[in-house]
$ cat target_15.cif   # mmCIF, C-alpha atoms (C1' of nucleotides)
data_target
loop_
_atom_site.label_atom_id
_atom_site.label_comp_id
_atom_site.auth_asym_id
_atom_site.auth_seq_id
_atom_site.Cartn_x
_atom_site.Cartn_y
_atom_site.Cartn_z
CA MET T 1 115.00 29.10 54.14
CA THR T 2 114.89 28.86 57.87
CA ASP T 3 113.93 25.45 59.09
CA THR T 4 111.18 26.35 61.49
CA GLY T 5 108.82 23.78 60.09
CA ASN T 6 105.71 24.28 58.05
CA GLN T 7 102.99 23.13 60.37
CA HIS T 8 102.86 25.50 63.29
CA PRO T 9 102.53 23.89 66.68
CA ARG T 10 101.98 27.32 68.22
CA THR T 11 98.75 28.96 67.36
CA ASP T 12 98.04 32.65 67.22
CA THR T 13 95.71 34.35 69.66
CA VAL T 14 92.98 34.87 67.09
CA ALA T 15 92.85 31.16 66.39
CA SER T 16 92.27 30.42 70.04
CA VAL T 17 89.60 33.10 70.30
CA VAL T 18 87.85 31.50 67.34
CA ARG T 19 88.08 28.12 68.99
CA GLN T 20 86.41 29.51 72.08
CA TRP T 21 83.56 30.94 70.06
CA HIS T 22 83.06 27.62 68.33
CA ALA T 23 82.73 25.87 71.64
CA VAL T 24 79.98 28.28 72.66
CA HIS T 25 78.23 28.80 69.32
CA PRO T 26 79.16 25.84 67.10
CA SER T 27 77.08 27.06 64.18
CA LEU T 28 78.71 30.47 63.89
CA ASP T 29 80.60 31.25 60.70
CA THR T 30 83.78 32.71 62.11
CA GLY T 31 85.49 33.20 58.78
CA PRO T 32 85.29 37.00 58.85
CA MET T 33 86.66 37.13 62.38
CA GLU T 34 89.72 35.19 61.35
CA VAL T 35 90.56 37.72 58.70
CA ILE T 36 89.53 40.93 60.40
CA GLY T 37 90.66 39.91 63.85
CA ARG T 38 94.09 39.07 62.52
CA ILE T 39 94.39 42.28 60.55
CA ASN T 40 93.56 44.27 63.64
CA ARG T 41 95.87 42.33 65.88
CA CYS T 42 98.73 42.50 63.38
CA ALA T 43 98.20 46.22 63.03
CA ALA T 44 98.35 46.68 66.79
CA LEU T 45 101.50 44.62 67.19
CA LEU T 46 103.22 46.14 64.19
CA GLN T 47 102.50 49.68 65.25
CA GLN T 48 103.90 48.99 68.64
CA ALA T 49 107.00 47.52 67.06
CA GLU T 50 107.27 50.21 64.43
CA ASP T 51 107.32 52.92 67.01
CA ALA T 52 110.73 51.92 68.31
CA PRO T 53 112.99 53.51 65.65
CA LEU T 54 110.81 56.56 65.31
CA ARG T 55 110.70 57.25 69.00
CA ARG T 56 114.46 57.29 69.06
CA ALA T 57 114.17 60.26 66.73
CA GLY T 58 111.57 61.82 68.99
CA LEU T 59 108.72 61.39 66.53
CA SER T 60 105.36 59.72 66.82
CA ARG T 61 104.11 57.72 63.88
CA ALA T 62 101.52 60.37 63.14
CA GLU T 63 104.19 63.05 63.03
CA PHE T 64 106.36 60.93 60.79
CA ASP T 65 103.44 60.35 58.46
CA LEU T 66 102.94 64.06 58.15
CA LEU T 67 106.59 64.74 57.41
CA GLY T 68 106.67 61.80 55.04
CA ALA T 69 103.71 63.11 53.09
CA LEU T 70 105.54 66.39 52.56
CA ARG T 71 108.70 64.59 51.57
CA ARG T 72 107.26 62.09 49.16
CA THR T 73 104.99 64.47 47.31
CA GLY T 74 107.97 66.74 46.78
CA HIS T 75 105.96 69.94 46.97
CA GLU T 76 104.10 72.09 49.44
CA LEU T 77 100.79 70.93 50.83
CA THR T 78 97.96 72.79 52.49
CA PRO T 79 96.66 71.61 55.88
CA GLY T 80 93.59 70.23 54.19
CA GLU T 81 95.63 68.24 51.70
CA LEU T 82 97.79 66.95 54.53
CA ALA T 83 94.70 65.82 56.41
CA ARG T 84 93.49 63.88 53.38
CA GLU T 85 96.95 62.50 52.72
CA THR T 86 97.42 61.22 56.25
CA PHE T 87 93.82 60.16 56.83
CA SER T 88 93.35 62.27 59.88
CA SER T 89 91.17 65.18 60.90
CA GLY T 90 92.03 68.77 60.14
CA ALA T 91 92.21 69.51 63.84
CA ALA T 92 94.88 66.87 64.32
CA VAL T 93 96.90 68.32 61.46
CA THR T 94 96.69 71.78 62.99
CA LYS T 95 98.12 70.48 66.25
CA ARG T 96 100.89 68.48 64.66
CA VAL T 97 101.93 71.26 62.34
CA LYS T 98 102.17 73.63 65.26
CA GLN T 99 104.50 71.31 67.12
CA LEU T 100 106.61 70.45 64.11
CA THR T 101 106.91 74.10 63.17
CA GLU T 102 108.13 74.93 66.66
CA ARG T 103 110.71 72.19 66.29
CA GLY T 104 111.91 73.74 63.05
CA LEU T 105 110.99 70.79 60.86
CA VAL T 106 108.16 72.43 58.94
CA GLU T 107 107.59 75.93 57.58
CA ARG T 108 104.42 77.74 56.57
CA ARG T 109 103.78 80.25 53.87
CA GLY T 110 100.53 82.09 53.31
CA ASP T 111 98.84 81.91 49.94
CA THR T 112 98.87 85.28 48.25
CA ARG T 113 95.68 84.80 46.27
CA ASP T 114 93.51 83.10 48.87
CA ARG T 115 94.32 84.16 52.37
CA ARG T 116 92.39 81.30 53.96
CA VAL T 117 94.94 78.73 52.91
CA SER T 118 98.52 78.27 53.92
CA HIS T 119 101.20 76.15 52.34
CA LEU T 120 103.43 73.87 54.34
CA ARG T 121 106.84 72.55 53.44
CA LEU T 122 109.73 70.77 55.10
CA THR T 123 112.69 72.78 56.29
CA ASP T 124 116.13 71.45 55.39
CA ALA T 125 116.31 69.96 58.86
CA GLY T 126 112.96 68.31 58.32
CA ARG T 127 113.98 66.83 55.02
CA ASP T 128 117.26 65.56 56.44
CA LEU T 129 115.45 64.01 59.37
CA VAL T 130 113.04 62.11 57.15
CA ASP T 131 115.78 60.99 54.80
CA GLY T 132 117.87 59.83 57.73
CA ILE T 133 115.12 57.90 59.45
CA LEU T 134 113.41 56.28 56.51
CA PRO T 135 116.02 53.66 55.57
CA GLU T 136 116.44 52.74 59.21
CA GLN T 137 112.71 52.46 59.57
CA LEU T 138 112.34 50.27 56.51
CA ALA T 139 115.18 48.02 57.61
CA TYR T 140 113.51 47.60 60.96
CA GLU T 141 110.18 46.79 59.37
CA GLU T 142 111.92 44.31 57.12
CA ALA T 143 113.34 42.59 60.17
CA VAL T 144 109.96 42.46 61.83
CA LEU T 145 108.33 41.01 58.73
CA SER T 146 111.03 38.45 58.26
CA VAL T 147 108.97 35.96 60.23
CA LEU T 148 107.34 35.53 56.82
CA ALA T 149 109.33 34.27 53.85
CA PRO T 150 109.77 36.84 51.04
CA ALA T 151 107.33 34.95 48.82
CA GLY T 152 104.77 35.01 51.59
CA GLN T 153 105.29 38.72 52.07
CA GLU T 154 104.58 39.38 48.43
CA GLU T 155 101.55 37.18 48.40
CA LEU T 156 100.25 38.91 51.49
CA SER T 157 100.96 42.28 49.99
CA GLY T 158 99.00 41.39 46.87
CA LEU T 159 95.98 40.09 48.73
CA LEU T 160 95.89 43.11 50.99
CA ALA T 161 96.12 45.36 47.95
CA GLY T 162 93.09 43.66 46.51
CA LEU T 163 91.15 44.00 49.73
CA LEU T 164 92.21 47.58 50.21
CA ASP T 165 91.40 48.48 46.65
CA GLY T 166 87.92 47.11 47.13
CA LEU T 167 87.42 48.72 50.51
CA GLU T 168 88.57 52.14 49.43
CA GLY T 169 86.36 51.99 46.40
CA ARG T 170 83.19 50.66 47.92
CA LEU T 171 83.22 51.55 51.54
CA GLY T 172 80.95 54.53 51.33
CA ALA T 173 78.26 52.42 49.72
CA LEU T 174 77.98 49.93 52.59
CA ARG T 175 76.77 52.18 55.36
CA GLY T 176 74.94 49.51 57.35
CA MET D 1 80.32 36.87 39.29
CA THR D 2 80.07 40.57 38.87
CA ASP D 3 81.67 41.81 35.73
CA THR D 4 83.95 44.45 37.18
CA GLY D 5 86.96 43.15 35.34
CA ASN D 6 89.91 41.25 36.73
CA GLN D 7 92.78 43.63 36.21
CA HIS D 8 92.18 46.58 38.48
CA PRO D 9 92.41 49.93 36.82
CA ARG D 10 92.08 51.58 40.22
CA THR D 11 95.04 51.31 42.52
CA ASP D 12 95.00 51.44 46.29
CA THR D 13 96.32 54.41 48.19
CA VAL D 14 99.33 52.57 49.53
CA ALA D 15 100.45 51.74 46.01
CA SER D 16 100.39 55.38 45.05
CA VAL D 17 102.27 56.37 48.19
CA VAL D 18 104.92 53.82 47.30
CA ARG D 19 105.10 55.21 43.80
CA GLN D 20 105.72 58.67 45.21
CA TRP D 21 108.53 57.42 47.39
CA HIS D 22 110.12 55.70 44.43
CA ALA D 23 110.12 58.91 42.47
CA VAL D 24 111.98 60.66 45.29
CA HIS D 25 114.24 57.84 46.48
CA PRO D 26 114.48 55.30 43.65
CA SER D 27 116.82 53.01 45.54
CA LEU D 28 114.56 52.53 48.54
CA ASP D 29 113.26 49.02 49.23
CA THR D 30 109.62 49.73 49.85
CA GLY D 31 108.59 46.11 50.30
CA PRO D 32 107.91 46.40 54.02
CA MET D 33 105.82 49.52 53.51
CA GLU D 34 103.57 47.74 51.08
CA VAL D 35 102.75 45.09 53.63
CA ILE D 36 102.65 47.13 56.81
CA GLY D 37 101.08 50.18 55.24
CA ARG D 38 98.30 48.06 53.84
CA ILE D 39 97.70 46.23 57.08
CA ASN D 40 97.38 49.52 58.90
CA ARG D 41 95.15 51.06 56.30
CA CYS D 42 92.91 48.01 56.10
CA ALA D 43 92.64 47.95 59.87
CA ALA D 44 91.61 51.59 59.91
CA LEU D 45 89.00 51.17 57.20
CA LEU D 46 87.65 47.93 58.61
CA GLN D 47 87.30 49.29 62.09
CA GLN D 48 85.42 52.25 60.79
CA ALA D 49 83.13 49.91 58.85
CA GLU D 50 82.82 47.44 61.68
CA ASP D 51 81.63 50.08 64.05
CA ALA D 52 78.33 50.51 62.23
CA PRO D 53 76.40 47.50 63.56
CA LEU D 54 77.85 47.83 67.02
CA ARG D 55 77.02 51.49 67.34
CA ARG D 56 73.43 50.69 66.57
CA ALA D 57 73.51 48.63 69.75
CA GLY D 58 75.18 51.48 71.62
CA LEU D 59 78.49 49.70 72.03
CA SER D 60 82.00 50.68 71.12
CA ARG D 61 84.26 48.01 69.72
CA ALA D 62 86.26 47.98 72.94
CA GLU D 63 83.13 47.39 74.98
CA PHE D 64 82.02 44.63 72.65
CA ASP D 65 85.42 42.99 72.93
CA LEU D 66 85.10 42.97 76.69
CA LEU D 67 81.61 41.47 76.62
CA GLY D 68 82.72 39.01 73.96
CA ALA D 69 85.62 37.84 76.07
CA LEU D 70 83.24 37.06 78.91
CA ARG D 71 80.84 35.30 76.58
CA ARG D 72 83.31 33.17 74.68
CA THR D 73 85.29 31.98 77.68
CA GLY D 74 82.05 30.89 79.27
CA HIS D 75 83.16 31.68 82.79
CA GLU D 76 83.90 34.59 85.05
CA LEU D 77 87.03 36.63 84.50
CA THR D 78 88.94 38.96 86.78
CA PRO D 79 89.74 42.48 85.61
CA GLY D 80 93.34 41.47 85.09
CA GLU D 81 92.38 38.51 82.95
CA LEU D 82 90.07 40.73 80.94
CA ALA D 83 92.86 43.19 80.36
CA ARG D 84 95.10 40.44 79.02
CA GLU D 85 92.28 38.94 76.99
CA THR D 86 91.40 42.22 75.30
CA PHE D 87 94.95 43.55 74.99
CA SER D 88 94.27 46.73 76.88
CA SER D 89 95.44 48.34 80.07
CA GLY D 90 93.95 47.60 83.43
CA ALA D 91 92.84 51.19 83.75
CA ALA D 92 90.82 50.92 80.56
CA VAL D 93 89.14 47.76 81.80
CA THR D 94 88.21 49.44 85.06
CA LYS D 95 86.48 52.23 83.19
CA ARG D 96 84.66 49.97 80.78
CA VAL D 97 83.49 47.61 83.47
CA LYS D 98 82.10 50.50 85.46
CA GLN D 99 80.06 51.69 82.51
CA LEU D 100 78.88 48.24 81.52
CA THR D 101 77.93 47.43 85.10
CA GLU D 102 75.87 50.60 85.30
CA ARG D 103 74.14 49.54 82.12
CA GLY D 104 73.29 46.21 83.66
CA LEU D 105 75.29 44.13 81.21
CA VAL D 106 78.00 42.96 83.60
CA GLU D 107 78.00 41.92 87.26
CA ARG D 108 80.80 41.73 89.79
CA ARG D 109 81.34 39.34 92.62
CA GLY D 110 84.12 39.63 95.15
CA ASP D 111 86.42 36.71 95.67
CA THR D 112 85.90 35.22 99.09
CA ARG D 113 89.42 33.98 99.59
CA ASP D 114 91.37 36.88 98.14
CA ARG D 115 89.61 40.16 98.61
CA ARG D 116 91.85 41.99 96.13
CA VAL D 117 90.29 40.29 93.16
CA SER D 118 86.80 40.48 91.82
CA HIS D 119 85.09 38.24 89.34
CA LEU D 120 83.10 39.60 86.45
CA ARG D 121 80.36 37.90 84.52
CA LEU D 122 77.69 38.80 82.03
CA THR D 123 74.17 39.39 83.22
CA ASP D 124 71.40 37.69 81.28
CA ALA D 125 70.86 40.96 79.44
CA GLY D 126 74.55 41.10 78.61
CA ARG D 127 74.59 37.58 77.28
CA ASP D 128 71.49 38.18 75.20
CA LEU D 129 72.95 41.36 73.80
CA VAL D 130 76.14 39.65 72.69
CA ASP D 131 74.28 36.68 71.24
CA GLY D 132 71.98 39.02 69.39
CA ILE D 133 74.67 41.22 67.93
CA LEU D 134 77.27 38.66 67.03
CA PRO D 135 75.59 37.05 64.00
CA GLU D 136 74.64 40.45 62.68
CA GLN D 137 78.18 41.60 63.18
CA LEU D 138 79.66 38.61 61.42
CA ALA D 139 77.25 38.93 58.52
CA TYR D 140 78.24 42.54 58.15
CA GLU D 141 81.92 41.70 58.24
CA GLU D 142 81.30 39.00 55.66
CA ALA D 143 79.71 41.57 53.38
CA VAL D 144 82.60 43.94 53.83
CA LEU D 145 85.12 41.22 53.07
CA SER D 146 83.24 40.02 50.04
CA VAL D 147 85.36 42.29 47.87
CA LEU D 148 87.73 39.34 48.11
CA ALA D 149 86.75 35.94 46.76
CA PRO D 150 86.35 33.21 49.43
CA ALA D 151 89.55 31.53 48.34
CA GLY D 152 91.39 34.82 48.67
CA GLN D 153 89.96 35.35 52.12
CA GLU D 154 91.23 31.99 53.26
CA GLU D 155 94.62 32.55 51.75
CA LEU D 156 94.82 35.93 53.42
CA SER D 157 93.70 34.47 56.71
CA GLY D 158 96.41 31.85 56.56
CA LEU D 159 99.18 34.29 55.74
CA LEU D 160 98.11 36.62 58.49
CA ALA D 161 98.01 33.73 60.92
CA GLY D 162 101.60 32.94 60.03
CA LEU D 163 102.67 36.53 60.48
CA LEU D 164 100.75 36.92 63.69
CA ASP D 165 102.06 33.68 65.06
CA GLY D 166 105.59 34.88 64.43
CA LEU D 167 104.97 38.35 65.78
CA GLU D 168 103.35 37.19 68.97
CA GLY D 169 106.13 34.74 69.55
CA ARG D 170 109.10 36.92 68.78
CA LEU D 171 108.05 40.44 69.34
CA GLY D 172 109.58 40.87 72.76
CA ALA D 173 112.96 39.87 71.39
CA LEU D 174 113.16 42.63 68.78
CA ARG D 175 113.16 45.68 71.01
CA GLY D 176 115.04 48.04 68.70
"C1'" DA E 1 102.89 38.32 114.93
"C1'" DA E 2 105.05 41.63 112.38
"C1'" DC E 3 107.13 43.05 108.41
"C1'" DA E 4 108.99 42.98 103.57
"C1'" DG E 5 107.79 42.12 99.17
"C1'" DG E 6 104.59 40.85 95.74
"C1'" DT E 7 100.09 41.07 93.37
"C1'" DA E 8 95.26 42.89 91.96
"C1'" DT E 9 92.73 46.78 91.17
"C1'" DT E 10 91.59 51.57 91.07
"C1'" DT E 11 92.65 56.45 90.94
"C1'" DC E 12 95.05 60.26 89.05
"C1'" DA E 13 97.13 63.32 85.77
"C1'" DC E 14 97.72 63.74 81.31
"C1'" DC E 15 97.80 63.19 76.10
"C1'" DA E 16 96.29 62.67 71.36
"C1'" DG E 17 92.52 62.45 68.76
"C1'" DT E 18 87.75 63.89 67.22
"C1'" DA E 19 83.38 66.49 65.90
"C1'" DA E 20 81.30 70.58 65.82
"C1'" DA E 21 81.38 75.60 66.29
"C1'" DA E 22 83.75 79.66 65.24
"C1'" DG E 23 86.51 82.64 62.43
"C1'" DA E 24 88.15 84.34 58.23
"C1'" DT E 25 87.93 84.69 53.42
"C1'" DT E 26 86.36 83.80 48.76
"C1'" DT E 27 82.79 83.11 45.15
"C1'" DG E 28 78.53 83.38 42.87
"C1'" DT E 29 74.19 85.81 42.08
"C1'" DC E 30 71.05 89.21 41.85
"C1'" DG O 1 78.55 95.93 45.28
"C1'" DA O 2 76.32 93.43 48.73
"C1'" DC O 3 74.60 89.38 50.63
"C1'" DA O 4 74.18 84.23 50.88
"C1'" DA O 5 76.53 80.09 50.46
"C1'" DA O 6 80.68 77.68 50.21
"C1'" DT O 7 85.47 76.74 51.58
"C1'" DC O 8 89.75 76.52 54.50
"C1'" DT O 9 91.65 76.53 58.92
"C1'" DT O 10 91.68 76.94 63.84
"C1'" DT O 11 89.53 76.75 68.35
"C1'" DT O 12 86.77 74.53 71.72
"C1'" DA O 13 84.89 70.96 74.51
"C1'" DC O 14 85.13 66.48 75.16
"C1'" DT O 15 86.36 61.37 74.89
"C1'" DG O 16 88.80 57.30 75.59
"C1'" DG O 17 93.06 55.72 76.24
"C1'" DT O 18 97.67 55.26 78.90
"C1'" DG O 19 101.48 54.88 82.64
"C1'" DA O 20 102.45 55.52 87.10
"C1'" DA O 21 101.12 56.26 91.81
"C1'" DA O 22 98.07 54.92 95.29
"C1'" DT O 23 95.32 51.53 97.68
"C1'" DA O 24 94.24 47.28 99.50
"C1'" DC O 25 95.34 42.84 100.31
"C1'" DC O 26 97.95 38.44 100.48
"C1'" DT O 27 102.15 35.47 101.50
"C1'" DG O 28 106.29 33.91 103.20
"C1'" DT O 29 109.98 34.64 106.43
"C1'" DT O 30 111.79 35.44 110.58
#
$ encode --input "target_15.cif" --output "structure tokens"
Amino acid sequence: MTDTGNQHPRTDTVASVVRQWHAVHPSLDTGPMEVIGRINRCAALLQQAEDAPLRRAGLSRAEFDLLGALRRTGHELTPGELARETFSSGAAVTKRVKQLTERGLVERRGDTRDRRVSHLRLTDAGRDLVDGILPEQLAYEEAVLSVLAPAGQEELSGLLAGLLDGLEGRLGALRG
Amino acid sequence: MTDTGNQHPRTDTVASVVRQWHAVHPSLDTGPMEVIGRINRCAALLQQAEDAPLRRAGLSRAEFDLLGALRRTGHELTPGELARETFSSGAAVTKRVKQLTERGLVERRGDTRDRRVSHLRLTDAGRDLVDGILPEQLAYEEAVLSVLAPAGQEELSGLLAGLLDGLEGRLGALRG
DNA sequence: AACAGGTATTTCACCAGTAAAAGATTTGTC
DNA sequence: GACAAATCTTTTACTGGTGAAATACCTGTT
């Protein structure tokens, strides 16, 4: 229970952007901006912050995501599966895998039945790297998030899960 | 009140990632991942969705942000101020301004006292474009967010404001 | 008035990502 | 069994962004 007070005198940048819009277009419903603008801004700031511990290990976030996908699934993945798993294009996966293979963190194996596909797995070095970084990374993220009380973090987590669940389910249907 | 049921059978992708990590490293505290992972994923999905109405007007989100900054402040801005206002590099602003000027949406005026700086403002066409798009854009965002009940949206907005307020205040101090 | 140092903006070289085409292989159908 | 369509991956051409150097200008000091 840090005693920083409950009514914030400082206001976040999105709030002041919204205030500016109100001055120009008083009738505008800025509700969506307050949610989406903040999500975007938080994402930008967090990613910048998150990068710090990874960069020390010489990894970009995208590279770490790829290694993490291999680690957490516990089995080999094809490039296509990795692309789906990390939400990026196949081309990006190709590039990253090439680099990570050269660094000795990832290995490939051709499929014997279907020679179009290859199977990717972590090397021992790759697994050790992920296992070494992850706790550090989570501790750092914890520190960054600690501006919010634990209860707030959980509440936030729950609301975002609801939003995300909805978005992932419906998004295709809303092609405006 | 759509009758989709209140306890979600479907689970968001971050939840299943977390479950995978737990299976591999049961002792890991994945709390931070659940918040940050969801923020990032929501940001990615929302930006993809958001792009739709803007693209119809031939604008990228970055370009719209620049025009919006000029519109909402209500006065001219220098390139440097625009960079700060839109959280991007000066180089990026230079490029965008060049394009938008060629399209007749933005005008420049040199400062008479200090010839290093220039002042940028919307043309009439630029202002009309922003004013035309913005309500459409907000309505679209509203539709996208409607997977969350209004009360949930407000709660989310408030929590994010708290997080953002903290992050913007402290972030420099946490250089890991 | 000349120069050092600071500031505003643009240019340059480069990087990571994408979409679409190309390449390679499998699968289904006649 | 051969050809068309589908599938998996890589290559290609390009885009939009960045940091750092370059450019242009101002300001204060001597």
$ interface_residues --input "target_15.cif" --of "chain D" --to "chain O" --cutoff "7 Å" --atoms "all atoms listed in the file" --output "list of chain:residue names"
D:Ala92, D:Arg115, D:Arg116
$ write_last_selection --input "target_15.cif" --atoms "C-alpha atoms" --output "PDB file, in the coordinates of the input"
ATOM      1  CA  ALA D  92      90.820  50.920  80.560  1.00  0.00           C
ATOM      2  CA  ARG D 115      89.610  40.160  98.610  1.00  0.00           C
ATOM      3  CA  ARG D 116      91.850  41.990  96.130  1.00  0.00           C
TER       4      ARG D 116
END
$ atom_distance --input "target_15.cif" --atom1 "atom CA of Leu105 of chain T" --atom2 "atom CA of Thr123 of chain T"
5.3 Å
$ residues_around --input "target_15.cif" --residues "segment 156-163 of chain D" --least-positions-apart "5" --cutoff "8 Å" --atoms "all atoms listed in the file" --output "NGL selection string"
:T and (12 or 15 or 34-35 or 38-39 or 42 or 145 or 147-148 or 152 or 156 or 159-160)
$ closest_residue --input "target_15.cif" --among "D:Asp111, D:Glu142, D:Glu136, D:Asp131" --to "chain E" --atoms "all atoms listed in the file"
D:Asp111
$ closest_residue --input "target_15.cif" --among "D:Asn40, D:Ser89, D:Ser27, D:Ser60" --to "chain T" --atoms "all atoms listed in the file"
D:Asn40
$ atom_distance --input "target_15.cif" --atom1 "atom C1' of DT26 of chain E" --atom2 "atom CA of Thr94 of chain T"
21.3 Å
$ closest_residue --input "target_15.cif" --among "T:Asp165, T:Glu107, T:Glu155, T:Asp29" --to "Leu77 of chain T" --atoms "all atoms listed in the file"
T:Glu107
$ interface_residues --input "target_15.cif" --of "chain D" --to "chain E" --cutoff "8 Å" --atoms "all atoms listed in the file" --output "list in words"
Pro79, Gly80, Gly90, Ala91, Thr94, Arg116 and Val117 of chain D
$ atom_distance --input "target_15.cif" --atom1 "atom CA of Leu45 of chain T" --atom2 "atom CA of Arg56 of chain D"
28.7 Å
$ closest_residue --input "target_15.cif" --among "D:Gly58, D:Ser88, D:Arg113, D:Thr73" --to "chain T" --atoms "only C-alpha atoms"
D:Thr73
$ closest_residue --input "target_15.cif" --among "D:Glu63, D:Glu168, D:Glu102, D:Glu76" --to "chain T" --atoms "all atoms listed in the file"
D:Glu168
$ axis_aligned_box --input "target_15.cif" --around "segment 147-161 of chain D" --padding-each-side "3 Å" --output "lines of an AutoDock Vina configuration file"
center_x = 92.3
center_y = 36.9
center_z = 53.8
size_x = 19.8
size_y = 16.8
size_z = 20.2
$ build_atoms --input "target_15.cif" --residues "segment 11-31 of chain T" --atoms "N, CA and C atoms" --output "tab-separated table (two decimals), in the frame of the given file"
chain	number	residue	atom	x	y	z
T	11	THR	N	99.89	28.43	68.07
T	11	THR	CA	98.75	28.96	67.36
T	11	THR	C	98.55	30.40	67.80
T	12	ASP	N	98.15	31.24	66.87
T	12	ASP	CA	98.04	32.65	67.22
T	12	ASP	C	96.81	32.90	68.09
T	13	THR	N	96.78	34.06	68.70
T	13	THR	CA	95.71	34.35	69.66
T	13	THR	C	94.34	34.37	68.99
T	14	VAL	N	94.28	34.83	67.76
T	14	VAL	CA	92.98	34.87	67.09
T	14	VAL	C	92.42	33.46	66.91
T	15	ALA	N	93.30	32.53	66.56
T	15	ALA	CA	92.85	31.16	66.39
T	15	ALA	C	92.23	30.63	67.68
T	16	SER	N	92.83	30.96	68.81
T	16	SER	CA	92.27	30.42	70.04
T	16	SER	C	90.98	31.14	70.43
T	17	VAL	N	90.87	32.41	70.08
T	17	VAL	CA	89.60	33.10	70.30
T	17	VAL	C	88.50	32.43	69.47
T	18	VAL	N	88.82	32.16	68.21
T	18	VAL	CA	87.85	31.50	67.34
T	18	VAL	C	87.43	30.15	67.90
T	19	ARG	N	88.40	29.42	68.41
T	19	ARG	CA	88.08	28.12	68.99
T	19	ARG	C	87.10	28.27	70.16
T	20	GLN	N	87.33	29.29	70.96
T	20	GLN	CA	86.41	29.51	72.08
T	20	GLN	C	85.00	29.81	71.60
T	21	TRP	N	84.89	30.65	70.58
T	21	TRP	CA	83.56	30.94	70.06
T	21	TRP	C	82.88	29.68	69.55
T	22	HIS	N	83.65	28.84	68.87
T	22	HIS	CA	83.06	27.62	68.33
T	22	HIS	C	82.51	26.73	69.42
T	23	ALA	N	83.20	26.70	70.54
T	23	ALA	CA	82.73	25.87	71.64
T	23	ALA	C	81.39	26.38	72.16
T	24	VAL	N	81.20	27.70	72.10
T	24	VAL	CA	79.98	28.28	72.66
T	24	VAL	C	78.85	28.34	71.63
T	25	HIS	N	79.21	28.70	70.41
T	25	HIS	CA	78.23	28.80	69.32
T	25	HIS	C	78.74	27.99	68.13
T	26	PRO	N	78.55	26.69	68.13
T	26	PRO	CA	79.16	25.84	67.10
T	26	PRO	C	78.73	26.21	65.69
T	27	SER	N	77.57	26.82	65.54
T	27	SER	CA	77.08	27.06	64.18
T	27	SER	C	77.58	28.37	63.58
T	28	LEU	N	78.27	29.15	64.36
T	28	LEU	CA	78.71	30.47	63.89
T	28	LEU	C	79.75	30.36	62.78
T	29	ASP	N	79.58	31.18	61.76
T	29	ASP	CA	80.60	31.25	60.70
T	29	ASP	C	81.65	32.28	61.09
T	30	THR	N	82.77	31.80	61.56
T	30	THR	CA	83.78	32.71	62.11
T	30	THR	C	84.80	33.16	61.07
T	31	GLY	N	84.55	32.81	59.82
T	31	GLY	CA	85.49	33.20	58.78
T	31	GLY	C	85.89	34.67	58.83
